[in-house]
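Listing of query-v3.cif, mmCIF, C-alpha atoms
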```cif
data_start
loop_
_atom_site.label_atom_id
_atom_site.label_comp_id
_atom_site.auth_asym_id
_atom_site.auth_seq_id
_atom_site.Cartn_x
_atom_site.Cartn_y
_atom_site.Cartn_z
CA MET A 1 27.49 -26.58 28.06
CA GLY A 2 26.88 -28.27 31.41
CA LEU A 3 24.26 -26.98 33.83
CA VAL A 4 22.76 -23.71 32.60
CA LYS A 5 20.04 -21.69 34.34
CA TYR A 6 16.88 -21.45 32.26
CA ARG A 7 16.93 -17.67 32.03
CA ASP A 8 20.53 -17.67 30.83
CA ALA A 9 19.70 -20.22 28.17
CA LEU A 10 16.73 -18.10 27.01
CA GLU A 11 18.94 -15.03 26.68
CA LEU A 12 21.57 -16.94 24.77
CA GLN A 13 18.96 -18.40 22.43
CA ALA A 14 17.46 -14.96 21.76
CA LYS A 15 20.89 -13.63 20.73
CA LEU A 16 21.58 -16.64 18.55
CA VAL A 17 18.15 -16.43 16.90
CA GLU A 18 18.87 -12.82 15.95
CA CYS A 19 22.33 -13.70 14.61
CA ARG A 20 20.90 -16.61 12.66
CA ARG A 21 18.15 -14.42 11.20
CA GLN A 22 20.78 -11.95 10.01
CA GLY A 23 22.90 -14.77 8.62
CA SER A 24 25.95 -14.00 10.74
CA ILE A 25 25.99 -17.55 12.06
CA SER A 26 25.00 -20.89 10.55
CA ASP A 27 22.68 -23.43 12.18
CA THR A 28 23.76 -23.87 15.79
CA LEU A 29 22.93 -26.52 18.37
CA LEU A 30 23.11 -25.97 22.11
CA SER A 31 23.52 -29.05 24.29
CA LEU A 32 23.01 -28.54 28.01
CA GLN A 33 21.12 -29.46 31.15
CA HIS A 34 19.08 -27.25 33.46
CA PRO A 35 18.89 -27.17 37.26
CA PRO A 36 15.41 -28.22 38.45
CA THR A 37 13.05 -26.01 36.43
CA PHE A 38 9.37 -26.16 35.52
CA THR A 39 8.36 -24.36 32.34
CA VAL A 40 5.02 -23.25 30.94
CA GLY A 41 4.39 -22.84 27.21
CA LYS A 42 2.79 -20.00 25.26
CA ARG A 43 -0.70 -21.25 25.99
CA ARG A 44 -0.01 -20.55 29.68
CA THR A 45 -1.53 -23.81 30.90
CA VAL A 46 -0.61 -23.00 34.49
CA HIS A 47 -3.41 -25.21 35.79
CA ASN A 48 -1.15 -28.16 34.97
CA ILE A 49 1.26 -27.15 37.73
CA VAL A 50 -0.19 -29.08 40.64
CA SER A 51 2.02 -27.88 43.50
CA SER A 52 2.04 -24.36 44.89
CA PRO A 53 4.89 -21.91 44.21
CA GLU A 54 5.96 -22.30 47.86
CA VAL A 55 6.33 -26.06 47.51
CA LEU A 56 8.29 -25.68 44.28
CA GLU A 57 10.58 -23.14 45.88
CA SER A 58 11.15 -25.45 48.84
CA ILE A 59 12.38 -28.23 46.55
CA GLY A 60 14.75 -25.81 44.86
CA ALA A 61 12.91 -25.54 41.55
CA GLU A 62 12.34 -22.44 39.41
CA VAL A 63 9.26 -21.77 37.27
CA HIS A 64 9.51 -20.02 33.90
CA TYR A 65 6.93 -18.82 31.41
CA THR A 66 8.06 -19.23 27.81
CA GLU A 67 7.03 -18.53 24.23
CA ARG A 68 7.55 -22.09 23.05
CA GLY A 69 4.76 -24.41 21.98
CA GLY A 70 3.73 -27.27 24.23
CA ASP A 71 2.35 -27.54 27.74
CA VAL A 72 3.97 -27.69 31.18
CA THR A 73 7.13 -29.71 31.61
CA PHE A 74 10.10 -30.33 33.89
CA HIS A 75 13.80 -29.94 33.16
CA GLY A 76 16.55 -31.06 35.49
CA PRO A 77 19.89 -32.77 35.91
CA GLY A 78 19.99 -36.10 34.13
CA GLN A 79 17.89 -34.80 31.26
CA ALA A 80 19.70 -34.00 28.02
CA ILE A 81 18.46 -30.84 26.36
CA LEU A 82 19.13 -29.87 22.76
CA TYR A 83 18.23 -26.38 21.57
CA PRO A 84 18.80 -26.26 17.80
CA ILE A 85 18.82 -22.66 16.53
CA ILE A 86 18.19 -23.26 12.88
CA SER A 87 16.74 -21.59 9.84
CA LEU A 88 13.75 -23.72 8.89
CA ARG A 89 13.38 -21.58 5.82
CA GLU A 90 16.84 -22.48 4.53
CA ALA A 91 16.32 -26.09 5.49
CA LYS A 92 12.96 -26.00 3.68
CA LEU A 93 11.27 -27.53 6.69
CA GLY A 94 7.78 -26.74 7.92
CA ALA A 95 6.99 -26.93 11.63
CA ARG A 96 5.51 -30.40 11.38
CA ARG A 97 8.48 -31.94 9.54
CA TYR A 98 10.95 -30.27 11.86
CA VAL A 99 9.19 -31.60 14.96
CA GLU A 100 9.04 -35.06 13.37
CA GLY A 101 12.80 -34.82 12.90
CA LEU A 102 13.22 -34.03 16.61
CA GLU A 103 11.08 -37.05 17.46
CA ASP A 104 13.16 -39.22 15.11
CA THR A 105 16.36 -38.00 16.78
CA MET A 106 15.21 -39.34 20.14
CA ILE A 107 13.68 -42.51 18.66
CA LYS A 108 17.03 -43.23 17.00
CA LEU A 109 18.87 -42.78 20.30
CA CYS A 110 16.47 -45.18 22.02
CA ALA A 111 17.06 -47.74 19.26
CA LEU A 112 20.82 -47.54 19.91
CA HIS A 113 20.00 -48.76 23.40
CA LYS A 114 17.63 -51.42 22.17
CA ILE A 115 14.54 -49.54 23.28
CA LYS A 116 11.57 -49.37 20.97
CA ALA A 117 10.17 -45.87 21.05
CA LYS A 118 7.64 -44.08 18.88
CA GLY A 119 6.46 -40.62 17.93
CA ARG A 120 3.81 -39.18 15.57
CA MET A 121 1.14 -39.55 18.24
CA THR A 122 -1.71 -37.22 17.27
CA LYS A 123 -2.12 -34.43 19.80
CA GLU A 124 0.66 -35.98 21.93
CA THR A 125 3.85 -34.87 20.23
CA GLY A 126 6.90 -36.37 21.89
CA VAL A 127 8.61 -39.72 22.18
CA TRP A 128 6.96 -42.64 23.94
CA VAL A 129 7.98 -46.10 25.08
CA GLU A 130 4.61 -47.85 25.00
CA ASN A 131 2.56 -45.26 26.91
CA ARG A 132 5.41 -43.83 28.98
CA LYS A 133 6.94 -40.55 27.84
CA ILE A 134 10.71 -40.48 27.49
CA GLY A 135 11.23 -37.36 25.38
CA ALA A 136 9.47 -34.01 25.17
CA ILE A 137 9.42 -31.32 22.51
CA GLY A 138 8.61 -27.62 22.63
CA VAL A 139 9.61 -25.34 19.79
CA ARG A 140 9.36 -21.66 19.00
CA ILE A 141 9.47 -20.43 15.41
CA SER A 142 10.26 -16.75 15.31
CA GLY A 143 10.22 -14.17 12.56
CA GLY A 144 12.26 -15.30 9.56
CA GLY A 145 11.50 -18.96 10.23
CA ILE A 146 14.17 -19.41 12.91
CA ALA A 147 13.52 -22.26 15.34
CA SER A 148 14.59 -22.19 18.98
CA HIS A 149 13.91 -24.25 22.12
CA GLY A 150 13.83 -27.92 21.08
CA LEU A 151 13.84 -31.26 22.83
CA ALA A 152 14.38 -32.75 26.27
CA PHE A 153 15.37 -36.40 26.61
CA ASN A 154 15.27 -38.23 29.94
CA ILE A 155 18.53 -40.10 30.45
CA ASN A 156 18.30 -40.42 34.23
CA PRO A 157 16.57 -37.45 35.87
CA ASP A 158 14.86 -37.66 39.25
CA LEU A 159 11.38 -38.62 38.03
CA ASN A 160 9.82 -37.59 41.36
CA PHE A 161 9.91 -34.00 40.17
CA TYR A 162 7.18 -34.84 37.68
CA THR A 163 4.70 -35.43 40.51
CA HIS A 164 4.43 -31.65 40.88
CA ILE A 165 2.87 -31.24 37.44
CA ILE A 166 0.53 -32.89 34.98
CA PRO A 167 3.30 -33.30 32.37
CA CYS A 168 2.31 -31.87 28.98
CA GLY A 169 -1.26 -31.70 30.29
CA ILE A 170 -1.72 -35.46 29.94
CA PRO A 171 -2.90 -36.83 33.28
CA ASP A 172 -2.84 -40.59 32.95
CA LYS A 173 0.47 -41.26 31.32
CA GLU A 174 3.74 -42.01 33.06
CA VAL A 175 7.06 -40.33 32.48
CA THR A 176 10.09 -42.56 32.05
CA SER A 177 13.81 -42.45 31.33
CA LEU A 178 16.54 -44.35 29.51
CA HIS A 179 17.72 -45.77 32.81
CA LYS A 180 14.27 -46.95 33.74
CA GLU A 181 13.61 -48.59 30.37
CA SER A 182 16.97 -50.18 29.72
CA PHE A 183 18.01 -53.59 30.93
CA LEU A 184 21.50 -53.09 29.61
CA GLN A 185 24.49 -51.48 31.26
CA LEU A 186 24.30 -47.85 30.18
CA PRO A 187 27.27 -45.59 29.54
CA ASP A 188 27.54 -42.33 31.50
CA GLU A 189 25.39 -39.36 30.60
CA ASP A 190 28.04 -37.56 28.55
CA PRO A 191 28.51 -40.32 25.96
CA VAL A 192 24.72 -40.73 25.73
CA THR A 193 24.36 -36.99 25.12
CA GLN A 194 27.03 -37.19 22.41
CA GLN A 195 25.04 -40.02 20.83
CA LEU A 196 21.89 -37.85 20.94
CA ILE A 197 23.70 -35.05 19.13
CA LYS A 198 25.00 -37.48 16.51
CA CYS A 199 21.46 -38.78 15.99
CA PHE A 200 20.31 -35.19 15.40
CA ILE A 201 23.11 -34.65 12.87
CA GLU A 202 22.17 -37.83 11.03
CA VAL A 203 18.41 -37.20 11.02
CA PHE A 204 18.79 -33.66 9.70
CA GLY A 205 21.61 -34.52 7.31
CA TYR A 206 24.27 -32.09 8.47
CA GLU A 207 27.62 -32.74 6.85
CA ASP A 208 29.94 -30.00 7.96
CA VAL A 209 29.82 -29.89 11.76
CA THR A 210 32.04 -27.96 14.18
CA TRP A 211 32.02 -29.13 17.81
CA LYS A 212 32.74 -26.60 20.57
CA THR A 213 32.80 -26.97 24.33
CA THR A 214 32.04 -24.04 26.63
CA MET B 1 -5.42 -12.30 6.11
CA GLY B 2 -5.01 -15.86 7.16
CA LEU B 3 -3.10 -19.05 6.47
CA THR B 4 -3.03 -20.90 3.17
CA SER B 5 -3.83 -24.59 3.05
CA PHE B 6 -0.15 -25.21 2.22
CA ALA B 7 0.86 -23.38 5.42
CA VAL B 8 -1.67 -25.33 7.49
CA ASP B 9 -0.30 -28.57 6.06
CA GLU B 10 3.29 -27.61 6.84
CA LEU B 11 2.36 -26.61 10.38
CA GLY B 12 0.48 -29.74 11.40
CA ASP B 13 -2.73 -29.90 13.44
CA ILE B 14 -3.34 -26.44 14.83
CA VAL B 15 -4.37 -26.37 18.47
CA PHE B 16 -4.01 -22.73 19.50
CA VAL B 17 -4.23 -19.30 17.90
CA GLU B 18 -3.25 -15.99 19.47
CA LEU B 19 -4.70 -12.95 17.70
CA PRO B 20 -3.83 -9.25 17.92
CA GLU B 21 -6.00 -6.59 19.50
CA ALA B 22 -8.33 -4.57 17.30
CA GLY B 23 -6.82 -1.14 16.77
CA SER B 24 -3.19 -2.29 16.97
CA LYS B 25 -0.90 -1.39 14.08
CA TYR B 26 1.67 -3.47 12.26
CA GLU B 27 4.44 -3.01 9.71
CA PRO B 28 4.72 -5.46 6.81
CA GLY B 29 6.65 -8.53 7.93
CA GLU B 30 6.03 -7.87 11.61
CA SER B 31 4.77 -10.80 13.68
CA ILE B 32 1.02 -10.21 14.02
CA CYS B 33 -0.26 -13.44 15.50
CA THR B 34 0.91 -16.85 16.68
CA VAL B 35 -0.27 -20.30 15.82
CA GLU B 36 0.58 -23.47 17.74
CA SER B 37 0.69 -26.96 16.26
CA VAL B 38 2.63 -30.12 17.20
CA LYS B 39 4.20 -28.32 20.18
CA ALA B 40 5.65 -25.63 17.88
CA SER B 41 4.58 -22.04 18.40
CA SER B 42 4.97 -20.21 15.06
CA ALA B 43 4.91 -16.49 14.34
CA VAL B 44 2.58 -15.36 11.53
CA TYR B 45 3.61 -12.17 9.72
CA ALA B 46 1.52 -9.26 8.54
CA PRO B 47 1.74 -9.37 4.73
CA VAL B 48 1.13 -5.63 4.53
CA GLY B 49 1.28 -2.81 7.03
CA GLY B 50 -1.93 -1.62 8.58
CA GLU B 51 -4.33 -1.40 11.47
CA VAL B 52 -6.28 -4.38 12.78
CA ILE B 53 -9.99 -3.77 12.25
CA GLU B 54 -11.33 -7.12 13.29
CA VAL B 55 -10.10 -10.53 14.43
CA ASN B 56 -11.83 -13.85 13.96
CA THR B 57 -12.69 -14.84 17.52
CA SER B 58 -14.39 -18.05 16.39
CA VAL B 59 -10.99 -19.38 15.30
CA LYS B 60 -9.50 -18.42 18.66
CA GLU B 61 -12.24 -20.42 20.39
CA ASP B 62 -11.99 -23.36 18.01
CA PRO B 63 -8.51 -23.42 16.45
CA GLU B 64 -9.16 -26.79 14.83
CA LYS B 65 -11.29 -24.92 12.26
CA LEU B 66 -8.09 -23.67 10.67
CA ASN B 67 -7.21 -27.22 9.76
CA LYS B 68 -10.38 -27.49 7.67
CA ASP B 69 -11.20 -24.22 5.96
CA PRO B 70 -8.27 -21.79 6.02
CA PHE B 71 -9.44 -19.89 2.93
CA GLY B 72 -13.02 -19.48 4.02
CA GLU B 73 -14.37 -19.39 7.53
CA SER B 74 -11.01 -19.50 9.21
CA TRP B 75 -9.62 -16.10 8.23
CA LEU B 76 -7.54 -14.64 11.03
CA VAL B 77 -7.30 -10.86 10.86
CA LYS B 78 -8.87 -8.01 8.87
CA LEU B 79 -6.40 -5.23 8.25
CA LYS B 80 -6.96 -1.71 7.04
CA ILE B 81 -4.03 -1.32 4.64
CA ALA B 82 -1.78 1.61 5.48
CA ASN B 83 -0.10 1.83 2.11
CA GLN B 84 -1.45 0.32 -1.14
CA ASP B 85 2.13 0.01 -2.44
CA HIS B 86 2.68 -2.87 -0.01
CA LEU B 87 0.34 -4.96 -2.15
CA LYS B 88 2.77 -4.82 -5.08
CA SER B 89 5.31 -7.02 -3.32
CA LEU B 90 2.79 -9.80 -2.66
CA LEU B 91 2.30 -12.88 -4.84
CA SER B 92 -0.96 -13.52 -6.67
CA ALA B 93 -2.72 -16.84 -5.98
CA SER B 94 -1.27 -18.44 -9.13
CA GLU B 95 2.24 -17.08 -8.44
CA TYR B 96 1.98 -18.49 -4.91
CA GLU B 97 0.95 -21.91 -6.19
CA SER B 98 3.93 -22.05 -8.56
CA ALA B 99 6.25 -21.06 -5.73
CA VAL B 100 4.84 -23.84 -3.57
CA GLU B 101 5.28 -26.36 -6.38
CA GLN B 102 8.86 -25.26 -6.93
CA SER B 103 9.67 -25.49 -3.26
CA LYS B 104 8.73 -29.15 -3.29
CA HIS B 105 11.62 -29.99 -5.63
#
```
Representation of the structure as structure tokens:
Amino acid sequence: MGLVKYRDALELQAKLVECRRQGSISDTLLSLQHPPTFTVGKRRTVHNIVSSPEVLESIGAEVHYTERGGDVTFHGPGQAILYPIISLREAKLGARRYVEGLEDTMIKLCALHKIKAKGRMTKETGVWVENRKIGAIGVRISGGGIASHGLAFNINPDLNFYTHIIPCGIPDKEVTSLHKESFLQLPDEDPVTQQLIKCFIEVFGYEDVTWKTT
Amino acid sequence: MGLTSFAVDELGDIVFVELPEAGSKYEPGESICTVESVKASSAVYAPVGGEVIEVNTSVKEDPEKLNKDPFGESWLVKLKIANQDHLKSLLSASEYESAVEQSKH
């Protein structure tokens, strides 16, 4: 979908969640990027935003408060975002197994680029290369067992943005990206994003997939 | 009302619980509280309609308790049932256990 403002993506997800709950659409995946945006999760851990609103405005970043799980994070160009709007009930997935699937999606993508990444870190959900975080997860499960929000994978964002927050509330760990970790020549962002989507399809076992570009 | 041990297992380690206000009213199936685990914020539904009489603030202060004793100390909400008929559509403990077993296959 290209660059989508956070608020617009939230509105679109809300509509899709409702359609999915009513069964008028099947599981749907949004693939997009956001302009520089800091988001806060349902726990409202605002203390993990280090810089003042004035500073954030001066660097052209927005701040949004959301209903997803997870702490404070950054989204921006160069970071691939997937928002799967799926019925966990129909998929017979609990929250834990779904989130593990999102971790596996990103781990699989890293492996394609010969990077060894891991998930399943207790209390530190997400995808890590050693102790550097390359992929973040924040999910909302609404009435009817419909999941929204999803994952954010750092292909090549400007990592300096992360200095304005304590990412995910974890102070001593670095944030990294595919570009930073890879010694190989990387393809452009679009093919990498396509690979990420294919990893998602494989991990969750979807067979009948329709691709659309907007 | 609260979470079953099966639900707690499916959710993962619970780190945050948001509870309703005493006095608020809910319809059956309406989202009454939220639980967060593994970076997923999940809605919890009122099984019956009613008015919230009391919430378990100790669970709000220490959400990890839910991971240990969901059936006992870690109840979430006490509801005054609006309509006894709502109870008829609920599963008994043994019916619930069979449903859980079946869902695993």
Considering only C-alpha atoms, return as a PyMOL selection string whatever protein or nucleic-acid residues lie within 9 Å of Val38 (chain B), sequence-local ones (same chain, fewer than 3 positions apart) excluded. (chain A and resi 69-70+95-96+99-100+122-126+137-139) or (chain B and resi 11-15+41)
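Taking all atoms listed in the file into account, chain B lies nearest to A:Arg44 out of the set A:His34, A:Arg20, A:Arg44, A:Lys116.
Note that the spacing between CA of Leu186 (chain A) and CA of Ile155 (chain A) amounts to 9.7 Å.
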Residue IDs satisfying the PyMOL selection byres ((chain A and resi 105-107) around 10), as an MDAnalysis selection string: chainID A and resid 99:104 108:112 115:119 126:129 134:136 151:154 195:204
Please provide as a PyMOL selection string all residues within 10 Å of Val17 (chain B), with the sequence filter that same-chain residues fewer than 5 positions apart are discarded (counting all atoms listed in the file). (chain A and resi 43) or (chain B and resi 33-37+41-42+57+59-64+66+76)
Would you save the residues of that selection, restricted to C-alpha atoms, as an mmCIF file, in the frame of the given file?
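Printed below is part-v3.cif as written:
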```
data_model
loop_
_atom_site.group_PDB
_atom_site.id
_atom_site.type_symbol
_atom_site.label_atom_id
_atom_site.label_comp_id
_atom_site.auth_asym_id
_atom_site.auth_seq_id
_atom_site.Cartn_x
_atom_site.Cartn_y
_atom_site.Cartn_z
ATOM 1 C CA ARG A 43 -0.700 -21.250 25.990
ATOM 2 C CA CYS B 33 -0.260 -13.440 15.500
ATOM 3 C CA THR B 34 0.910 -16.850 16.680
ATOM 4 C CA VAL B 35 -0.270 -20.300 15.820
ATOM 5 C CA GLU B 36 0.580 -23.470 17.740
ATOM 6 C CA SER B 37 0.690 -26.960 16.260
ATOM 7 C CA SER B 41 4.580 -22.040 18.400
ATOM 8 C CA SER B 42 4.970 -20.210 15.060
ATOM 9 C CA THR B 57 -12.690 -14.840 17.520
ATOM 10 C CA VAL B 59 -10.990 -19.380 15.300
ATOM 11 C CA LYS B 60 -9.500 -18.420 18.660
ATOM 12 C CA GLU B 61 -12.240 -20.420 20.390
ATOM 13 C CA ASP B 62 -11.990 -23.360 18.010
ATOM 14 C CA PRO B 63 -8.510 -23.420 16.450
ATOM 15 C CA GLU B 64 -9.160 -26.790 14.830
ATOM 16 C CA LEU B 66 -8.090 -23.670 10.670
ATOM 17 C CA LEU B 76 -7.540 -14.640 11.030
#
```
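The result of the PyMOL selection byres ((chain B and resi 44) around 9) on the shown file is Ser142 and Gly143 of chain A; Gly2, Leu3, Gly29, Glu30, Ser31, Ile32, Cys33, Thr34, Val35, Ser42, Ala43, Tyr45 and Ala46 of chain B.
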Gap from CA of Ala82 (chain B) to CA of Glu67 (chain A) - Å, one decimal: 28.9 Å
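One distance worth recording is that between CA of Phe38 (chain A) and CA of Thr73 (chain A), which is 5.7 Å.
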Choose the residue, out of B:Ala22, B:Ala40, B:Ala7, B:Val55, that has the smallest atom-to-atom separation from chain A; count all atoms listed in the file. B:Ala40
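Proximity to chain A was assessed for B:Ser103, B:Ser5, B:Ser24, B:Ser58 counting only C-alpha atoms; the smallest distance is recorded for B:Ser103.
With all atoms listed in the file as the atoms that count, the minimum distance from chain B to the choices A:Ile165, A:Ala91, A:Leu159, A:Val192 is reached by A:Ala91.
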Smallest atom-to-atom distance to Gly50 (chain B): which of B:Glu18, B:Lys68, B:Asp85, B:Trp75, using all atoms listed in the file? B:Asp85
When the PyMOL selection byres ((chain B and resi 25) around 9) is applied to the file above, which residues end up in the set, as a PDB file with C-alpha atoms, in the frame of the given file?
```pdb
ATOM      1  CA  ALA B  22      -8.330  -4.570  17.300  1.00  0.00           C
ATOM      2  CA  GLY B  23      -6.820  -1.140  16.770  1.00  0.00           C
ATOM      3  CA  SER B  24      -3.190  -2.290  16.970  1.00  0.00           C
ATOM      4  CA  TYR B  26       1.670  -3.470  12.260  1.00  0.00           C
ATOM      5  CA  GLU B  27       4.440  -3.010   9.710  1.00  0.00           C
ATOM      6  CA  GLY B  49       1.280  -2.810   7.030  1.00  0.00           C
ATOM      7  CA  GLY B  50      -1.930  -1.620   8.580  1.00  0.00           C
ATOM      8  CA  GLU B  51      -4.330  -1.400  11.470  1.00  0.00           C
ATOM      9  CA  VAL B  52      -6.280  -4.380  12.780  1.00  0.00           C
ATOM     10  CA  LEU B  79      -6.400  -5.230   8.250  1.00  0.00           C
TER      11      LEU B  79
END
```
Produce the centre coordinates and the three edge lengths, each in Å to one decimal, of the box along x, y and z that contains all listed atoms of region 90-97 of chain B with 5 Å added on each side, as AutoDock Vina command-line options.
```
--center_x 0.0 --center_y -15.9 --center_z -5.9 --size_x 15.5 --size_y 22.1 --size_z 16.5
```
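Proximity to Glu21 (chain B) was assessed for B:Lys78, B:Asp9, B:Pro70, B:Lys65 counting all atoms listed in the file; the smallest distance is recorded for B:Lys78.
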Show me as a tab-separated table (two decimals) with C-alpha atoms, keeping the file's coordinate frame the residues that reach within 10 Å of (15.8, -25.7, 18.1), counting all atoms listed in the file and using the file's own coordinates.
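As a result, result_19.tsv now contains:
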```tsv
chain	number	residue	atom	x	y	z
A	13	GLN	CA	18.96	-18.40	22.43
A	17	VAL	CA	18.15	-16.43	16.90
A	27	ASP	CA	22.68	-23.43	12.18
A	28	THR	CA	23.76	-23.87	15.79
A	29	LEU	CA	22.93	-26.52	18.37
A	30	LEU	CA	23.11	-25.97	22.11
A	82	LEU	CA	19.13	-29.87	22.76
A	83	TYR	CA	18.23	-26.38	21.57
A	84	PRO	CA	18.80	-26.26	17.80
A	85	ILE	CA	18.82	-22.66	16.53
A	86	ILE	CA	18.19	-23.26	12.88
A	87	SER	CA	16.74	-21.59	9.84
A	88	LEU	CA	13.75	-23.72	8.89
A	98	TYR	CA	10.95	-30.27	11.86
A	99	VAL	CA	9.19	-31.60	14.96
A	102	LEU	CA	13.22	-34.03	16.61
A	137	ILE	CA	9.42	-31.32	22.51
A	138	GLY	CA	8.61	-27.62	22.63
A	139	VAL	CA	9.61	-25.34	19.79
A	140	ARG	CA	9.36	-21.66	19.00
A	141	ILE	CA	9.47	-20.43	15.41
A	146	ILE	CA	14.17	-19.41	12.91
A	147	ALA	CA	13.52	-22.26	15.34
A	148	SER	CA	14.59	-22.19	18.98
A	149	HIS	CA	13.91	-24.25	22.12
A	150	GLY	CA	13.83	-27.92	21.08
A	151	LEU	CA	13.84	-31.26	22.83
```
Can you pull out the residues contacting Tyr65 (chain A)? Cut-off 7 Å, using only C-alpha atoms, and skip same-chain residues under 2 positions away; I want them as a list in words. Thr39, Val40, Gly41 and Val63 of chain A
Tell me which protein, DNA and RNA residues are within 7 Å of Thr176 (chain A), counting only C-alpha atoms, leaving out same-chain ones fewer than 3 positions away, and put them as a ChimeraX atom specification. /A:132-134,180
Those residues with C-alpha atoms, as a PDB file, in the frame of the given file please?
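Just written: again00.pdb:
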```
ATOM      1  CA  ARG A 132       5.410 -43.830  28.980  1.00  0.00           C
ATOM      2  CA  LYS A 133       6.940 -40.550  27.840  1.00  0.00           C
ATOM      3  CA  ILE A 134      10.710 -40.480  27.490  1.00  0.00           C
ATOM      4  CA  LYS A 180      14.270 -46.950  33.740  1.00  0.00           C
TER       5      LYS A 180
END
```
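The point (17.5, -30.3, 36.4) has these residues within 7 Å of it, counting all atoms listed in the file: Gln33, His34, Pro35, Pro36, Thr37, His75, Gly76, Pro77, Gly78 and Gln79 of chain A.
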